[in-house]
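> Just dropping this structure here.
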Amino acid sequence: MDGAYDMGGMATFGAVDAADDAVFHARWEERAFGISMIAMCEGLASGGGLRETMYAMHPAVYLTTPYYGRWLHAIEQLMVASGTITSAEVDAWVQRLRAGEAVPASSDSALTQRTVAAFDERLVRPLPATARFAVGDPVRVRRMWPRDENHAPRYLRGVPGVIERVQCEDPPPGSDGHAAEPVYAVRFSSTDVFGAQEEPPFTILADLWESYLEADA
């Protein structure tokens, strides 16, 4: 399923608030993000499992839950499934915190260093040895309806674009065990994506895997 990647560009969701560039809006969001990163780096959950669990939320709950609330829900479900914690323990802590008990704190510098190092390593991605497309090539996003996780936004499928740059090589999301493939930054015109609008045309850039694209004559 596509989860949040199916939501962009859809009517009734309103315009993106470009002025709101804050990463976190509350202290609990920072904690939820940190817990999720540590759990993934310590092997208690995977990035793919985290997203899959979020996307399995009931649509009405998903849309009314804050972004990091979805992360917190997913990591809780994965840790319960792995036996790391139990639902009863989670419920008990909810009651204790509601009763005014202080949030427990801990400090583990070694754990922090492992987590940062793991993500530093993950962020370094090699350039592909070979790539089907080159900068300036016209392409079109394939029309597809995948059942597994896919990061090609629905509103871009079937839309023509131009290769802006070759980003890196990486396995496509939802393709555990599959070979890595080139990832491209693809440039789109807002007119091609959304049609003529009251606002002036603008450029959309999207990172897309090679298997999402086809040559456009």
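Lettering and numbering for the structure tokens are positional, with chains as A, B, ... in the shown order, residues counted from 1 in each chain, and ligands counted from 1 in the shown order.
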Could you list, as a VMD selection string, every residue within 7 Å of region 180-194 of chain A, counting only C-alpha atoms and ignoring same-chain residues fewer than 5 positions away?

chain A and resid 128 131 155 to 156 159 to 172 201 to 210

> Go ahead and save the picked residues with N, CA, C and O atoms, as a JSON list (two decimals), in the first residue's frame.


[["chain", "number", "residue", "atom", "x", "y", "z"],
["A", 128, "PRO", "N", 25.29, 4.89, -8.83],
["A", 128, "PRO", "CA", 25.20, 3.63, -9.57],
["A", 128, "PRO", "C", 26.30, 3.50, -10.61],
["A", 128, "PRO", "O", 26.72, 4.49, -11.21],
["A", 131, "ALA", "N", 23.36, 3.41, -15.25],
["A", 131, "ALA", "CA", 22.02, 3.97, -15.08],
["A", 131, "ALA", "C", 21.35, 4.04, -16.44],
["A", 131, "ALA", "O", 21.99, 4.40, -17.44],
["A", 155, "TYR", "N", -0.16, 10.94, -7.57],
["A", 155, "TYR", "CA", -0.45, 12.08, -8.44],
["A", 155, "TYR", "C", 0.62, 12.29, -9.51],
["A", 155, "TYR", "O", 0.43, 13.08, -10.43],
["A", 156, "LEU", "N", 1.76, 11.59, -9.39],
["A", 156, "LEU", "CA", 2.80, 11.70, -10.42],
["A", 156, "LEU", "C", 2.74, 10.57, -11.45],
["A", 156, "LEU", "O", 3.41, 10.65, -12.48],
["A", 159, "VAL", "N", 2.69, 10.98, -15.40],
["A", 159, "VAL", "CA", 3.08, 12.37, -15.70],
["A", 159, "VAL", "C", 4.49, 12.41, -16.30],
["A", 159, "VAL", "O", 5.39, 11.71, -15.81],
["A", 160, "PRO", "N", 4.71, 13.22, -17.34],
["A", 160, "PRO", "CA", 6.05, 13.35, -17.92],
["A", 160, "PRO", "C", 6.94, 14.25, -17.08],
["A", 160, "PRO", "O", 6.47, 15.21, -16.46],
["A", 161, "GLY", "N", 8.22, 13.94, -17.07],
["A", 161, "GLY", "CA", 9.20, 14.76, -16.35],
["A", 161, "GLY", "C", 10.55, 14.68, -17.02],
["A", 161, "GLY", "O", 10.70, 14.08, -18.09],
["A", 162, "VAL", "N", 11.54, 15.29, -16.41],
["A", 162, "VAL", "CA", 12.90, 15.32, -16.96],
["A", 162, "VAL", "C", 13.87, 14.96, -15.83],
["A", 162, "VAL", "O", 13.71, 15.42, -14.69],
["A", 163, "ILE", "N", 14.87, 14.13, -16.14],
["A", 163, "ILE", "CA", 15.87, 13.77, -15.15],
["A", 163, "ILE", "C", 16.70, 15.00, -14.79],
["A", 163, "ILE", "O", 17.32, 15.61, -15.63],
["A", 164, "GLU", "N", 16.65, 15.37, -13.51],
["A", 164, "GLU", "CA", 17.41, 16.51, -13.02],
["A", 164, "GLU", "C", 18.82, 16.09, -12.61],
["A", 164, "GLU", "O", 19.79, 16.78, -12.90],
["A", 165, "ARG", "N", 18.95, 14.94, -11.95],
["A", 165, "ARG", "CA", 20.26, 14.40, -11.58],
["A", 165, "ARG", "C", 20.11, 12.94, -11.15],
["A", 165, "ARG", "O", 19.01, 12.51, -10.79],
["A", 166, "VAL", "N", 21.21, 12.23, -11.19],
["A", 166, "VAL", "CA", 21.26, 10.86, -10.67],
["A", 166, "VAL", "C", 21.68, 10.96, -9.21],
["A", 166, "VAL", "O", 22.76, 11.45, -8.91],
["A", 167, "GLN", "N", 20.82, 10.51, -8.30],
["A", 167, "GLN", "CA", 21.04, 10.71, -6.88],
["A", 167, "GLN", "C", 21.99, 9.68, -6.27],
["A", 167, "GLN", "O", 22.98, 10.02, -5.64],
["A", 168, "CYS", "N", 21.63, 8.41, -6.42],
["A", 168, "CYS", "CA", 22.38, 7.36, -5.74],
["A", 168, "CYS", "C", 21.87, 6.02, -6.23],
["A", 168, "CYS", "O", 21.10, 5.93, -7.19],
["A", 169, "GLU", "N", 22.29, 4.97, -5.54],
["A", 169, "GLU", "CA", 21.79, 3.62, -5.79],
["A", 169, "GLU", "C", 21.27, 3.06, -4.47],
["A", 169, "GLU", "O", 21.95, 3.16, -3.44],
["A", 170, "ASP", "N", 20.06, 2.49, -4.49],
["A", 170, "ASP", "CA", 19.45, 2.05, -3.24],
["A", 170, "ASP", "C", 18.35, 1.03, -3.58],
["A", 170, "ASP", "O", 17.70, 1.15, -4.63],
["A", 171, "PRO", "N", 18.11, 0.04, -2.73],
["A", 171, "PRO", "CA", 16.99, -0.88, -2.97],
["A", 171, "PRO", "C", 15.66, -0.14, -2.88],
["A", 171, "PRO", "O", 15.49, 0.70, -2.00],
["A", 172, "PRO", "N", 14.71, -0.42, -3.75],
["A", 172, "PRO", "CA", 13.41, 0.23, -3.67],
["A", 172, "PRO", "C", 12.69, -0.14, -2.38],
["A", 172, "PRO", "O", 12.86, -1.24, -1.86],
["A", 201, "PRO", "N", 2.81, 28.77, -12.59],
["A", 201, "PRO", "CA", 3.40, 27.42, -12.64],
["A", 201, "PRO", "C", 4.66, 27.35, -11.78],
["A", 201, "PRO", "O", 5.38, 28.34, -11.63],
["A", 202, "PHE", "N", 4.93, 26.19, -11.23],
["A", 202, "PHE", "CA", 6.12, 25.99, -10.42],
["A", 202, "PHE", "C", 6.70, 24.61, -10.71],
["A", 202, "PHE", "O", 6.08, 23.79, -11.40],
["A", 203, "THR", "N", 7.89, 24.36, -10.20],
["A", 203, "THR", "CA", 8.59, 23.10, -10.44],
["A", 203, "THR", "C", 8.44, 22.16, -9.25],
["A", 203, "THR", "O", 8.50, 22.59, -8.10],
["A", 204, "ILE", "N", 8.25, 20.89, -9.53],
["A", 204, "ILE", "CA", 8.18, 19.85, -8.51],
["A", 204, "ILE", "C", 9.35, 18.90, -8.74],
["A", 204, "ILE", "O", 9.58, 18.45, -9.86],
["A", 205, "LEU", "N", 10.12, 18.62, -7.70],
["A", 205, "LEU", "CA", 11.20, 17.64, -7.76],
["A", 205, "LEU", "C", 10.82, 16.44, -6.92],
["A", 205, "LEU", "O", 10.37, 16.59, -5.78],
["A", 206, "ALA", "N", 11.02, 15.24, -7.46],
["A", 206, "ALA", "CA", 10.71, 14.02, -6.73],
["A", 206, "ALA", "C", 11.83, 13.02, -6.94],
["A", 206, "ALA", "O", 12.33, 12.87, -8.06],
["A", 207, "ASP", "N", 12.24, 12.34, -5.87],
["A", 207, "ASP", "CA", 13.22, 11.27, -5.96],
["A", 207, "ASP", "C", 12.48, 9.98, -6.29],
["A", 207, "ASP", "O", 11.61, 9.54, -5.52],
["A", 208, "LEU", "N", 12.83, 9.37, -7.41],
["A", 208, "LEU", "CA", 12.11, 8.19, -7.89],
["A", 208, "LEU", "C", 13.08, 7.10, -8.32],
["A", 208, "LEU", "O", 14.11, 7.38, -8.95],
["A", 209, "TRP", "N", 12.75, 5.88, -7.99],
["A", 209, "TRP", "CA", 13.57, 4.73, -8.38],
["A", 209, "TRP", "C", 13.41, 4.44, -9.87],
["A", 209, "TRP", "O", 12.37, 4.73, -10.47],
["A", 210, "GLU", "N", 14.44, 3.84, -10.45],
["A", 210, "GLU", "CA", 14.46, 3.57, -11.89],
["A", 210, "GLU", "C", 13.28, 2.73, -12.33],
["A", 210, "GLU", "O", 12.69, 2.95, -13.41]]

> Pick out the residues sitting within 7 Å of Met54 (chain A), and hand them over as number ranges by chain; count only C-alpha atoms, and ignore anything fewer than 5 positions along from it in its own chain.

A: 70-71, 74

> Nearest to Arg143 (chain A) among A:Ala92, A:Leu44, A:Ala39, A:Leu213, with distances taken over only C-alpha atoms: which residue is it?

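Closest to Arg143 (chain A), using only C-alpha atoms: A:Leu213.
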
> Among chain A, which residues carry a DSSP assignment of alpha helix (DSSP H), reported as a VMD selection string?

chain A and resid 27 to 41 47 to 55 59 to 64 67 to 82 87 to 98 109 to 123 190 to 194

> To one decimal place, how far is CA of Gly158 (chain A) from CA of Ala15 (chain A) in Å?

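CA of Gly158 (chain A) sits 22.5 Å away from CA of Ala15 (chain A).
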
> Tell me, as an MDAnalysis selection string, which residues lie within 10 Å of Val103 (chain A), counting only C-alpha atoms; anything in the same chain fewer than 4 positions away does not count.

chainID A and resid 93 96:97

> Mind dumping the selected residues with N, CA and C atoms as a PDB file, in the first residue's frame?


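Written file, part00.pdb:
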ATOM      1  N   TRP A  93       1.729   2.096  32.157  1.00  0.00           N
ATOM      2  CA  TRP A  93       2.501   3.338  32.133  1.00  0.00           C
ATOM      3  C   TRP A  93       1.611   4.530  31.779  1.00  0.00           C
ATOM      4  N   ARG A  96       0.000   5.501  34.962  1.00  0.00           N
ATOM      5  CA  ARG A  96       0.941   6.111  35.905  1.00  0.00           C
ATOM      6  C   ARG A  96       1.278   7.544  35.497  1.00  0.00           C
ATOM      7  N   LEU A  97       1.445   7.758  34.198  1.00  0.00           N
ATOM      8  CA  LEU A  97       1.769   9.106  33.736  1.00  0.00           C
ATOM      9  C   LEU A  97       0.569  10.040  33.887  1.00  0.00           C
TER      10      LEU A  97
END

> How far is it from CA of Pro146 (chain A) to CA of Tyr212 (chain A), in Å with one decimal?

10.8 Å

> Enumerate as a list of chain:residue names all residues of region 24-190 of chain A assigned to strand (DSSP E) by DSSP on the backbone, naming them with the chain letters and numbers the document uses.

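Of region 24-190 of chain A, only A:Pro138, A:Val139, A:Arg140, A:Val141, A:Pro160, A:Gly161, A:Val162, A:Ile163, A:Glu164, A:Arg165, A:Val166, A:Gln167, A:Cys168, A:Glu169, A:Asp170, A:Glu181, A:Pro182, A:Val183, A:Tyr184, A:Ala185, A:Val186, A:Arg187, A:Phe188, A:Ser189 fall in strand (DSSP E).
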